[in-house]
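Only one structure is covered here, and it is reproduced in the block below.
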Amino acid sequence: MDSVEILFIVALAVLLGWSVAVAISRGRAIDRLRDATGASDADDVERMVRKAIEDADDARWHAEQTGHDTDYLTELLTAGVVRLKDDLTVEFANSAAHVMLERKPGTMAGRSALEAFIDARIEGIARSAMESGSANGEVTVRSQSGATVTVRARRSPVAGVWLVLEDVSELRRLQRMRAEFIDNLSHELRTPLTTISLLAETAARDAESASPRLRDRISKIEIETGHLTQMVNELLDLSRIESGTVQLMLDDVDLVRLARNTAERLRLFAERQGLTIDLDVPDRVSPVRGDEDRLGQVLVNLLHNAVKFSPDGGRIVVGVREDQGEVRVWVRDPGIGVPYADLARIFERFYKVDRARVRGRGGTGLGLSICRHVVESHGGRIWAESEDGSGSTFILVLPQAGQGGPVE
Ligand code: ADP
């Protein structure tokens, strides 16, 4: 045999060996597939593989359609919707977002958040949401219209961040107008009311020897004028607090001392109705950072209500406790209580529970709204607990000094 023949035979042997190896490994692969799928033979395996490919195609088609549908839906929204990728580049922005931010249609996708919004604050909100899961804010857009936009950002459970933008310029304009209107109206009403008040006071003095009927009428004028004056003052107060023009005069406040003083101030008023005011306070609690006059105003409002909405006779309790970095103050009364459905609503402005229940004890419905604003501006919270008909407890919680609270 010459060397060419030997080479030919070796090559043939290698080829044969390789073919056998491929056949064996294919057989093994088919066996493995058969084991995994429970198929009975190679045809069955093939059928199953084809079916799996079809299912995958179907799933991809559905996913694409859902994507198109979501895009279509977001185009119908008047709110701006923006989706950012993990690296904070814009993946998608609907038309409303382009209009709100005054960008040409279709120019936001692919840009970084900073480039797309031209506003570091919106990018900052998106970044916070990326880190903590959610973030909200309100910004005035740097554009010709200067729209005021609220931004709600949520980290997507899949990837990136969703932003929802809402144009609240008109709402804010109307709120400003309302605040200005109330401010002006209250000022205008105050002057004639002061005059009527003084006149009623003088008339009451002059009428000491007049008939009981006349004295009674004058006294009613005095009472109603007092109501009106209180209403106007509360309106003015609330509109100032809401518009943020009230500056808190911050100091360390001892809530035990404040509770004692307020109870003292209202004791006579309560006793006239046969009610006692008891204190349930420790010797001392850590101070809170706050405006003593404003916090005093809250306690006066709560105690005033406790007396107003309680039957004659009974016990009102003012309590203070310190707990885990917070100081809690409560006012418990034995009064008519607040129905469950009204518990959250009584803190809204002008809200009053069924007026028929408290005929003759009318107020403005603004007191609790003022309380809530004051407490929240101190970084605290306030709520009411009550079982209808068996009294109410109004509770407020404020952070201890140094544990968060009002901005200095
Ligand atoms: P006002 O007392 O001037 O009506 P508030 O804002 O202080 O306004 O209170 C709102 C409403 O909440 C009251 O009209 C009353 O219906 C209810 N309310 C407040 N405090 C009490 C209380 N201690 N007991 C029962 N109802 C109360």
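By order of appearance in the structure tokens: chains A, B, ..., then residues from 1 within every chain, and ligands from 1 in the order shown.
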
Residues of chain A that approach ligand 1 to 6 Å or less, counting only C-alpha atoms and all ligand atoms: could you list each one with the shortest pair of atoms and its distance in Å to one decimal, rows by chain and increasing residue number, as CSV?
residue,atom,partner,partner_atom_place_in_ligand_line,distance
A:Asn305,CA,ligand 1,20 (N),4.7
A:Ala306,CA,ligand 1,23 (N),4.0
A:Phe309,CA,ligand 1,24 (N),4.8
A:Gly335,CA,ligand 1,24 (N),5.7
A:Ile336,CA,ligand 1,25 (C),5.4
A:Gly337,CA,ligand 1,25 (C),4.4
A:Val338,CA,ligand 1,26 (N),5.0
A:Ile346,CA,ligand 1,12 (O),4.6
A:Tyr351,CA,ligand 1,10 (C),5.5
A:Lys352,CA,ligand 1,14 (O),3.7
A:Val353,CA,ligand 1,16 (O),3.7
A:Gly362,CA,ligand 1,4 (O),5.9
A:Gly363,CA,ligand 1,3 (O),3.3
A:Thr364,CA,ligand 1,3 (O),3.9
A:Gly365,CA,ligand 1,8 (O),3.0
A:Leu366,CA,ligand 1,6 (O),4.2
A:Gly367,CA,ligand 1,7 (O),3.8
A:Leu368,CA,ligand 1,6 (O),3.7
A:Ser369,CA,ligand 1,6 (O),5.6
A:Ser392,CA,ligand 1,24 (N),5.5

### Message
From a backbone DSSP assignment, name each residue in range 341-383 of chain A labelled helix (DSSP H, G or I), as a ChimeraX atom specification.
### Response
/A:341-342,345-347,355-358,367-377

Store the residues picked out above, limited to C-alpha atoms, as a PDB file, in the first residue's frame.
ATOM      1  CA  ALA A 341     -68.337  58.263  58.016  1.00  0.00           C
ATOM      2  CA  ASP A 342     -67.617  61.858  59.071  1.00  0.00           C
ATOM      3  CA  ARG A 345     -64.198  64.737  56.670  1.00  0.00           C
ATOM      4  CA  ILE A 346     -64.550  66.997  59.723  1.00  0.00           C
ATOM      5  CA  PHE A 347     -61.030  68.302  59.021  1.00  0.00           C
ATOM      6  CA  ARG A 355     -76.352  70.547  61.417  1.00  0.00           C
ATOM      7  CA  ALA A 356     -79.617  69.490  63.099  1.00  0.00           C
ATOM      8  CA  ARG A 357     -77.643  67.716  65.867  1.00  0.00           C
ATOM      9  CA  VAL A 358     -76.078  70.901  67.134  1.00  0.00           C
ATOM     10  CA  GLY A 367     -61.682  75.369  63.261  1.00  0.00           C
ATOM     11  CA  LEU A 368     -60.536  71.795  62.614  1.00  0.00           C
ATOM     12  CA  SER A 369     -59.312  72.693  59.155  1.00  0.00           C
ATOM     13  CA  ILE A 370     -57.074  75.349  60.729  1.00  0.00           C
ATOM     14  CA  CYS A 371     -55.931  72.791  63.340  1.00  0.00           C
ATOM     15  CA  ARG A 372     -54.927  70.331  60.626  1.00  0.00           C
ATOM     16  CA  HIS A 373     -52.962  72.940  58.684  1.00  0.00           C
ATOM     17  CA  VAL A 374     -51.117  74.092  61.804  1.00  0.00           C
ATOM     18  CA  VAL A 375     -50.283  70.543  62.938  1.00  0.00           C
ATOM     19  CA  GLU A 376     -49.145  69.443  59.466  1.00  0.00           C
ATOM     20  CA  SER A 377     -47.003  72.551  59.037  1.00  0.00           C
TER      21      SER A 377
END

### Neighbour list for Gly325 in chain A as a PyMOL selection string, cut-off 9 Å, only C-alpha atoms, skip fewer than 4 positions in-chain
chain A and resi 286+398-401+403

Prev. selection, C-alpha atoms, output as a compact mmCIF listing (two decimals), in the first residue's frame:
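New file result_30.txt:
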# COMPACT_ATOMS: atom_id res chain seq x y z
CA SER A 286 -39.33 66.51 75.66
CA LEU A 398 -45.80 66.13 66.90
CA PRO A 399 -42.15 65.13 66.42
CA GLN A 400 -39.83 65.91 69.33
CA ALA A 401 -37.39 68.75 68.70
CA GLN A 403 -36.64 64.55 65.12

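One distance worth recording is that between CA of Lys85 in chain A and CA of Asn136 in chain A, which is 18.2 Å.
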
### d(CA of Glu166 in chain A, CA of Asn94 in chain A) in Å
12.6 Å

### Task
Please report, as a ChimeraX atom specification, each residue of range 1-228 of chain A to which DSSP assigns strand (DSSP E) when run on this structure's backbone.
/A:80-84,90-93,134-140,148-155,161-167

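Distances here use only C-alpha atoms; by that measure, the residue among A:Gly38, A:Trp61, A:Val151, A:Val49 closest to Val82 in chain A is A:Val151.
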
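Taking CA of Pro339 in chain A and CA of Glu387 in chain A as endpoints, the distance between them is 6.9 Å.
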
#### Entry: Test item: residues at most 12 Å from Arg260 in chain A, only C-alpha atoms, excluding those fewer than 6 positions along its chain, as JSON, numbers by chain
{"A": [254, 266, 267, 277, 278, 279, 280, 281, 282, 283, 284, 296, 299, 300, 303, 317, 318, 319, 320, 329]}
